[in-house]
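Student: Below you'll find coords_13.cif; it's mmCIF, C-alpha atoms.
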```
data_model
loop_
_atom_site.group_PDB
_atom_site.id
_atom_site.type_symbol
_atom_site.label_atom_id
_atom_site.label_comp_id
_atom_site.auth_asym_id
_atom_site.auth_seq_id
_atom_site.Cartn_x
_atom_site.Cartn_y
_atom_site.Cartn_z
ATOM 1 C CA LEU V 1 -32.535 3.224 -33.508
ATOM 2 C CA ILE V 2 -32.784 2.191 -29.856
ATOM 3 C CA GLY V 3 -32.366 4.364 -26.756
ATOM 4 C CA ASP V 4 -30.452 3.568 -23.551
ATOM 5 C CA ILE V 5 -31.097 0.051 -22.247
ATOM 6 C CA HIS V 6 -28.821 0.031 -19.152
ATOM 7 C CA GLY V 7 -28.188 -3.687 -19.300
ATOM 8 C CA ASP V 8 -31.754 -4.808 -20.044
ATOM 9 C CA ILE V 9 -30.734 -7.496 -22.514
ATOM 10 C CA ARG V 10 -34.161 -9.185 -22.369
ATOM 11 C CA GLY V 11 -35.907 -5.973 -23.369
ATOM 12 C CA TYR V 12 -33.258 -5.300 -26.007
ATOM 13 C CA LYS V 13 -33.685 -8.718 -27.601
ATOM 14 C CA GLU V 14 -37.443 -8.197 -27.695
ATOM 15 C CA ILE V 15 -36.946 -4.927 -29.580
ATOM 16 C CA ILE V 16 -34.542 -6.336 -32.162
ATOM 17 C CA LYS V 17 -36.182 -9.724 -32.744
ATOM 18 C CA ASP V 18 -38.222 -8.531 -35.742
ATOM 19 C CA ALA V 19 -35.828 -5.785 -36.870
ATOM 20 C CA LYS V 20 -33.787 -6.221 -40.044
ATOM 21 C CA SER V 21 -31.062 -4.096 -38.471
ATOM 22 C CA SER V 22 -30.633 -1.775 -35.502
ATOM 23 C CA ILE V 23 -28.278 0.674 -33.819
ATOM 24 C CA GLN V 24 -28.401 1.269 -30.070
ATOM 25 C CA VAL V 25 -27.305 4.782 -29.070
ATOM 26 C CA GLY V 26 -25.232 4.099 -25.952
ATOM 27 C CA ASP V 27 -25.596 3.206 -22.246
ATOM 28 C CA PHE V 28 -25.927 -0.395 -23.324
ATOM 29 C CA GLY V 29 -24.353 -1.496 -20.054
ATOM 30 C CA ILE V 30 -21.099 -2.820 -21.477
ATOM 31 C CA GLY V 31 -18.620 -3.485 -18.667
ATOM 32 C CA PHE V 32 -21.217 -4.034 -15.944
ATOM 33 C CA GLY V 33 -22.292 -7.620 -16.587
ATOM 34 C CA SER V 34 -20.583 -10.988 -16.308
ATOM 35 C CA ASP V 35 -18.510 -12.637 -19.028
ATOM 36 C CA LEU V 36 -21.576 -14.738 -19.839
ATOM 37 C CA TRP V 37 -23.681 -11.582 -20.255
ATOM 38 C CA HIS V 38 -21.134 -10.107 -22.652
ATOM 39 C CA ASP V 39 -20.926 -13.375 -24.601
ATOM 40 C CA ASN V 40 -24.717 -13.242 -24.922
ATOM 41 C CA ILE V 41 -24.451 -9.751 -26.437
ATOM 42 C CA ASN V 42 -21.791 -10.886 -28.887
ATOM 43 C CA ARG V 43 -24.012 -13.747 -30.021
ATOM 44 C CA ALA V 44 -26.940 -11.353 -30.506
ATOM 45 C CA HIS V 45 -24.690 -9.167 -32.673
ATOM 46 C CA ALA V 46 -22.991 -11.991 -34.577
ATOM 47 C CA THR V 47 -24.841 -11.348 -37.850
ATOM 48 C CA GLY V 48 -23.557 -7.774 -38.033
ATOM 49 C CA ASN V 49 -27.096 -6.401 -38.359
ATOM 50 C CA HIS V 50 -27.358 -5.122 -34.785
ATOM 51 C CA ARG V 51 -24.785 -2.634 -33.526
ATOM 52 C CA PHE V 52 -24.221 0.035 -30.886
ATOM 53 C CA ILE V 53 -22.272 3.148 -29.985
ATOM 54 C CA ARG V 54 -20.974 3.697 -26.467
ATOM 55 C CA GLY V 55 -22.548 5.844 -23.780
ATOM 56 C CA ASN V 56 -21.142 7.296 -20.573
ATOM 57 C CA HIS V 57 -22.355 4.178 -18.741
ATOM 58 C CA ASP V 58 -20.319 1.824 -20.885
ATOM 59 C CA ASN V 59 -16.713 0.739 -20.378
ATOM 60 C CA PRO V 60 -14.932 2.343 -23.371
ATOM 61 C CA GLY V 61 -12.163 -0.256 -23.450
ATOM 62 C CA LYS V 62 -14.559 -3.185 -23.229
ATOM 63 C CA CYS V 63 -16.748 -1.710 -25.973
ATOM 64 C CA LYS V 64 -13.839 -1.906 -28.403
ATOM 65 C CA SER V 65 -13.643 -5.677 -27.954
ATOM 66 C CA MET V 66 -17.378 -6.257 -28.438
ATOM 67 C CA THR V 67 -19.085 -7.473 -31.603
ATOM 68 C CA GLY V 68 -21.222 -4.750 -33.153
ATOM 69 C CA TYR V 69 -19.372 -1.788 -31.660
ATOM 70 C CA ILE V 70 -19.332 1.330 -33.856
ATOM 71 C CA LYS V 71 -16.143 3.324 -33.358
ATOM 72 C CA ASP V 72 -16.412 7.030 -32.496
ATOM 73 C CA GLY V 73 -16.166 9.132 -35.640
ATOM 74 C CA THR V 74 -17.352 6.394 -38.002
ATOM 75 C CA LEU V 75 -18.975 7.674 -41.212
ATOM 76 C CA GLU V 76 -21.358 5.496 -43.225
ATOM 77 C CA ASN V 77 -23.685 6.617 -46.018
ATOM 78 C CA ASP V 78 -23.559 10.251 -44.903
ATOM 79 C CA VAL V 79 -24.227 9.228 -41.276
ATOM 80 C CA MET V 80 -21.739 10.048 -38.500
ATOM 81 C CA PHE V 81 -21.523 8.192 -35.172
ATOM 82 C CA ILE V 82 -20.009 9.546 -31.937
ATOM 83 C CA GLY V 83 -20.396 8.012 -28.467
ATOM 84 C CA GLY V 84 -19.594 9.110 -24.951
ATOM 85 C CA ALA V 85 -20.926 11.743 -22.551
ATOM 86 C CA TRP V 86 -20.443 13.212 -19.065
ATOM 87 C CA SER V 87 -21.951 11.418 -16.059
ATOM 88 C CA ILE V 88 -23.940 13.506 -13.569
ATOM 89 C CA ASP V 89 -23.652 10.653 -11.036
ATOM 90 C CA ARG V 90 -19.913 10.114 -11.352
ATOM 91 C CA GLY V 91 -19.396 11.108 -7.700
ATOM 92 C CA TYR V 92 -21.389 8.070 -6.579
ATOM 93 C CA ARG V 93 -19.521 5.593 -8.782
ATOM 94 C CA THR V 94 -16.195 3.786 -8.548
ATOM 95 C CA GLU V 95 -13.558 4.374 -11.202
ATOM 96 C CA ASN V 96 -12.896 1.357 -13.435
ATOM 97 C CA VAL V 97 -15.809 -0.510 -11.829
ATOM 98 C CA ASP V 98 -18.914 1.415 -12.859
ATOM 99 C CA TRP V 99 -17.388 4.678 -14.089
ATOM 100 C CA TRP V 100 -14.524 5.332 -16.506
ATOM 101 C CA ALA V 101 -12.395 8.470 -16.750
ATOM 102 C CA ASP V 102 -12.502 8.351 -20.558
ATOM 103 C CA GLU V 103 -16.324 8.376 -20.656
ATOM 104 C CA GLU V 104 -15.961 11.478 -22.856
ATOM 105 C CA LEU V 105 -13.551 11.775 -25.733
ATOM 106 C CA SER V 106 -10.592 14.056 -25.018
ATOM 107 C CA ILE V 107 -10.588 17.677 -26.158
ATOM 108 C CA SER V 108 -8.059 16.759 -28.861
ATOM 109 C CA GLU V 109 -10.191 13.851 -30.083
ATOM 110 C CA LEU V 110 -13.327 15.972 -30.133
ATOM 111 C CA ASN V 111 -11.550 18.796 -31.962
ATOM 112 C CA THR V 112 -10.466 16.309 -34.616
ATOM 113 C CA LEU V 113 -14.043 15.073 -35.016
ATOM 114 C CA VAL V 114 -15.335 18.643 -35.249
ATOM 115 C CA ASP V 115 -12.945 19.168 -38.173
ATOM 116 C CA VAL V 116 -14.102 15.923 -39.810
ATOM 117 C CA TYR V 117 -17.740 16.869 -39.321
ATOM 118 C CA CYS V 118 -17.265 20.343 -40.787
ATOM 119 C CA THR V 119 -15.499 18.858 -43.813
ATOM 120 C CA MET V 120 -17.815 15.918 -44.462
ATOM 121 C CA LYS V 121 -21.108 17.630 -43.487
ATOM 122 C CA PRO V 122 -23.060 14.450 -42.644
ATOM 123 C CA ARG V 123 -26.761 14.158 -43.415
ATOM 124 C CA ILE V 124 -27.575 12.386 -40.132
ATOM 125 C CA MET V 125 -25.856 12.328 -36.726
ATOM 126 C CA ILE V 126 -26.186 9.456 -34.251
ATOM 127 C CA THR V 127 -24.634 10.242 -30.862
ATOM 128 C CA HIS V 128 -25.128 9.500 -27.189
ATOM 129 C CA ASP V 129 -25.398 13.153 -26.112
ATOM 130 C CA CYS V 130 -26.446 16.303 -28.001
ATOM 131 C CA PRO V 131 -25.281 19.937 -28.455
ATOM 132 C CA GLU V 132 -25.449 21.961 -25.246
ATOM 133 C CA GLU V 133 -27.991 24.512 -26.514
ATOM 134 C CA VAL V 134 -30.263 21.680 -27.624
ATOM 135 C CA SER V 135 -30.011 20.022 -24.201
ATOM 136 C CA LYS V 136 -30.908 23.339 -22.544
ATOM 137 C CA THR V 137 -33.981 23.780 -24.726
ATOM 138 C CA MET V 138 -35.218 20.195 -24.580
ATOM 139 C CA PHE V 139 -34.406 19.244 -20.986
ATOM 140 C CA VAL V 140 -32.908 21.889 -18.682
ATOM 141 C CA ASN V 141 -35.328 24.727 -19.431
ATOM 142 C CA ALA V 142 -38.215 22.251 -19.444
ATOM 143 C CA GLY V 143 -37.330 20.941 -15.990
ATOM 144 C CA LEU V 144 -36.470 17.484 -17.320
ATOM 145 C CA ALA V 145 -32.753 17.456 -16.525
ATOM 146 C CA MET V 146 -31.108 15.790 -13.545
ATOM 147 C CA HIS V 147 -28.906 18.850 -13.165
ATOM 148 C CA ASN V 148 -29.992 22.486 -13.248
ATOM 149 C CA PRO V 149 -28.573 24.840 -14.380
ATOM 150 C CA ALA V 150 -26.970 23.072 -17.310
ATOM 151 C CA VAL V 151 -23.492 21.653 -16.757
ATOM 152 C CA ARG V 152 -21.122 22.550 -19.572
ATOM 153 C CA THR V 153 -19.380 19.443 -20.892
ATOM 154 C CA ARG V 154 -16.725 19.141 -23.554
ATOM 155 C CA THR V 155 -18.935 16.751 -25.525
ATOM 156 C CA GLY V 156 -21.871 19.155 -25.507
ATOM 157 C CA GLN V 157 -19.618 22.055 -26.486
ATOM 158 C CA ALA V 158 -18.016 20.087 -29.325
ATOM 159 C CA PHE V 159 -21.441 19.096 -30.654
ATOM 160 C CA GLN V 160 -22.525 22.732 -30.398
ATOM 161 C CA ALA V 161 -19.558 23.766 -32.534
ATOM 162 C CA MET V 162 -20.628 21.147 -35.065
ATOM 163 C CA ILE V 163 -24.256 22.251 -35.311
ATOM 164 C CA GLU V 164 -23.270 25.909 -35.660
ATOM 165 C CA ASN V 165 -21.105 25.030 -38.654
ATOM 166 C CA HIS V 166 -23.437 22.597 -40.429
ATOM 167 C CA LYS V 167 -27.032 21.596 -39.749
ATOM 168 C CA PRO V 168 -27.757 18.003 -40.810
ATOM 169 C CA ASP V 169 -31.238 16.766 -41.658
ATOM 170 C CA ALA V 170 -31.572 14.866 -38.383
ATOM 171 C CA TRP V 171 -29.701 14.178 -35.145
ATOM 172 C CA TYR V 172 -30.605 11.154 -32.985
ATOM 173 C CA PHE V 173 -29.358 10.606 -29.439
ATOM 174 C CA GLY V 174 -30.170 9.119 -26.015
ATOM 175 C CA HIS V 175 -28.591 9.938 -22.618
ATOM 176 C CA TRP V 176 -31.395 12.191 -21.334
ATOM 177 C CA HIS V 177 -33.962 9.397 -20.757
ATOM 178 C CA HIS V 178 -36.916 11.210 -22.347
ATOM 179 C CA THR V 179 -38.472 10.604 -25.738
ATOM 180 C CA LEU V 180 -38.699 14.081 -27.242
ATOM 181 C CA SER V 181 -38.244 15.811 -30.572
ATOM 182 C CA THR V 182 -37.531 19.422 -31.512
ATOM 183 C CA TYR V 183 -35.940 21.517 -34.233
ATOM 184 C CA TYR V 184 -32.766 23.554 -33.966
ATOM 185 C CA GLY V 185 -32.698 25.538 -37.155
ATOM 186 C CA ARG V 186 -33.431 23.071 -39.952
ATOM 187 C CA THR V 187 -32.230 20.049 -37.961
ATOM 188 C CA GLN V 188 -34.694 17.721 -36.270
ATOM 189 C CA PHE V 189 -33.345 16.480 -32.935
ATOM 190 C CA CYS V 190 -34.829 13.241 -31.642
ATOM 191 C CA CYS V 191 -34.042 11.922 -28.164
ATOM 192 C CA LEU V 192 -34.859 8.278 -27.509
ATOM 193 C CA GLY V 193 -35.946 7.360 -23.994
ATOM 194 C CA ILE V 194 -34.972 4.210 -22.119
ATOM 195 C CA ASN V 195 -35.917 1.072 -24.097
ATOM 196 C CA ASP V 196 -37.633 3.251 -26.704
ATOM 197 C CA TYR V 197 -36.945 3.011 -30.412
ATOM 198 C CA VAL V 198 -37.755 4.632 -33.754
ATOM 199 C CA ASP V 199 -37.642 3.338 -37.310
ATOM 200 C CA VAL V 200 -35.227 5.365 -39.448
ATOM 201 C CA ASP V 201 -33.933 4.871 -42.986
ATOM 202 C CA LEU V 202 -30.166 5.370 -42.827
ATOM 203 C CA GLY V 203 -29.524 4.359 -46.417
ATOM 204 C CA ALA V 204 -27.885 6.658 -48.944
ATOM 205 C CA ASP V 205 -30.148 9.071 -50.833
#
```
Translate the structure of the given file into structure tokens.

Tutor:
Amino acid sequence: LIGDIHGDIRGYKEIIKDAKSSIQVGDFGIGFGSDLWHDNINRAHATGNHRFIRGNHDNPGKCKSMTGYIKDGTLENDVMFIGGAWSIDRGYRTENVDWWADEELSISELNTLVDVYCTMKPRIMITHDCPEEVSKTMFVNAGLAMHNPAVRTRTGQAFQAMIENHKPDAWYFGHWHHTLSTYYGRTQFCCLGINDYVDVDLGAD
């Protein structure tokens, strides 16, 4: 699992060159580069072994056309994938150039995924953001957040509803740019920093 790379394709290729498979957890930089840059990503993902979810700094529409994209709500081997998050710097960005209004799933979409989560009870979660109480504990209260006090987002609230209903074995995410780990109940939360990675077995038990 690989943290945010923000368009650093050279660093990304170095990470995956000896990896049998990988999943990047969002803020890949999709939508920011040239057509050639995106073609380069598609070639890197052509085998199907290297994939990604979307972050808040990815063009959601462009992601859907890219090789290796994992759709929000995908379930594989008891693992659930959900991308998207809220951008603290949205006020400094230009809509449809380097910021997209659908960076977060809609309330309706998130509510549907909460229902799916509560029914399926996945063993592992892979997302771009994390539940709001986890973000407070790991980043806001520790002085590691870019915004203080915590901003309530619909993604964070939806994830909080999920974790209160069912606690998976592990939850991996990026977005916060710090490599940290903590427990919330029985669930281990692991944040991956920029260009950081961790080896995880996502196979079925």

Student: Counting only C-alpha atoms, write as a list of chain:residue names all protein and nucleic acid residues lying at most 6 Å from (-19.1, 12.1, -42.9) in the file's frame.

Tutor: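 Selection result: V:Leu75, V:Asp78, V:Met80, V:Met120, V:Lys121, V:Pro122.
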
Student: By how many Å are CA of Gly174 (chain V) and CA of Arg123 (chain V) apart?

Tutor: 18.4 Å

Student: Which residue gives the smallest distance to Ile70 (chain V) among V:Ile23, V:Cys118, V:Ile30, V:Leu105, with all atoms listed in the file counted?

Tutor: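 Nearest to Ile70 (chain V): V:Ile23.
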
Student: Would you write out, as a list of chain:residue names, every residue that the PyMOL selection byres ((chain V and resi 186) around 8) captures in this file?

Tutor: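 The output of the PyMOL selection byres ((chain V and resi 186) around 8) on this file is V:Lys167, V:Pro168, V:Asp169, V:Tyr183, V:Tyr184, V:Gly185, V:Thr187, V:Gln188.
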
Student: Kindly export the residues of the current selection with C-alpha atoms, as a compact mmCIF listing (two decimals), in the coordinates of the input.

Tutor:
```txt
# COMPACT_ATOMS: atom_id res chain seq x y z
CA LYS V 167 -27.03 21.60 -39.75
CA PRO V 168 -27.76 18.00 -40.81
CA ASP V 169 -31.24 16.77 -41.66
CA TYR V 183 -35.94 21.52 -34.23
CA TYR V 184 -32.77 23.55 -33.97
CA GLY V 185 -32.70 25.54 -37.16
CA THR V 187 -32.23 20.05 -37.96
CA GLN V 188 -34.69 17.72 -36.27
```

Student: Please indicate the distance in Å from CA of Cys191 (chain V) to CA of Thr179 (chain V), rounded to one decimal place.

Tutor: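 Result for CA of Cys191 (chain V) versus CA of Thr179 (chain V): 5.2 Å, one decimal.
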
Student: Between CA of Asn56 (chain V) and CA of Ser135 (chain V), what is the distance, to one decimal in Å?

Tutor: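 Computing the Euclidean distance for CA of Asn56 (chain V) and CA of Ser135 (chain V) yields 15.9 Å.
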
Student: Name the closest residue to Ser181 (chain V) among the candidates V:Ser34, V:Thr137, V:Thr47, V:Ser65; distances are taken between atoms, counting all atoms listed in the file.

Tutor: V:Thr137

Student: Expanded to explicit residues, what is the PyMOL selection byres ((chain V and resi 22) around 7) for this file, as a PDB file with C-alpha atoms, keeping the file's coordinate frame?

Tutor:
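What landed in expr.pdb:
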```pdb
ATOM      1  CA  LEU V   1     -32.535   3.224 -33.508  1.00  0.00           C
ATOM      2  CA  ILE V  16     -34.542  -6.336 -32.162  1.00  0.00           C
ATOM      3  CA  ALA V  19     -35.828  -5.785 -36.870  1.00  0.00           C
ATOM      4  CA  SER V  21     -31.062  -4.096 -38.471  1.00  0.00           C
ATOM      5  CA  ILE V  23     -28.278   0.674 -33.819  1.00  0.00           C
ATOM      6  CA  GLN V  24     -28.401   1.269 -30.070  1.00  0.00           C
ATOM      7  CA  ASN V  49     -27.096  -6.401 -38.359  1.00  0.00           C
ATOM      8  CA  HIS V  50     -27.358  -5.122 -34.785  1.00  0.00           C
ATOM      9  CA  ARG V  51     -24.785  -2.634 -33.526  1.00  0.00           C
TER      10      ARG V  51
END
```

Student: V:Asp58, V:Glu164, V:Asp115, V:Glu133: which is nearest Arg152 (chain V), counting only C-alpha atoms?

Tutor: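 The answer is V:Glu133, which sits nearest to Arg152 (chain V).
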
Student: Which is closest to Asp196 (chain V) among V:Gly91, V:Cys63, V:Ile15, V:Ile9, if we use all atoms listed in the file?

Tutor: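 Among the listed residues, the smallest separation from Asp196 (chain V) belongs to V:Ile15.
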
Student: Measuring atom to atom with only C-alpha atoms, identify which of V:Ala101, V:Ala161, V:Val140, V:Val25 is nearest to Ile2 (chain V).

Tutor: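 Using only C-alpha atoms, Ile2 (chain V) sits closest to V:Val25.
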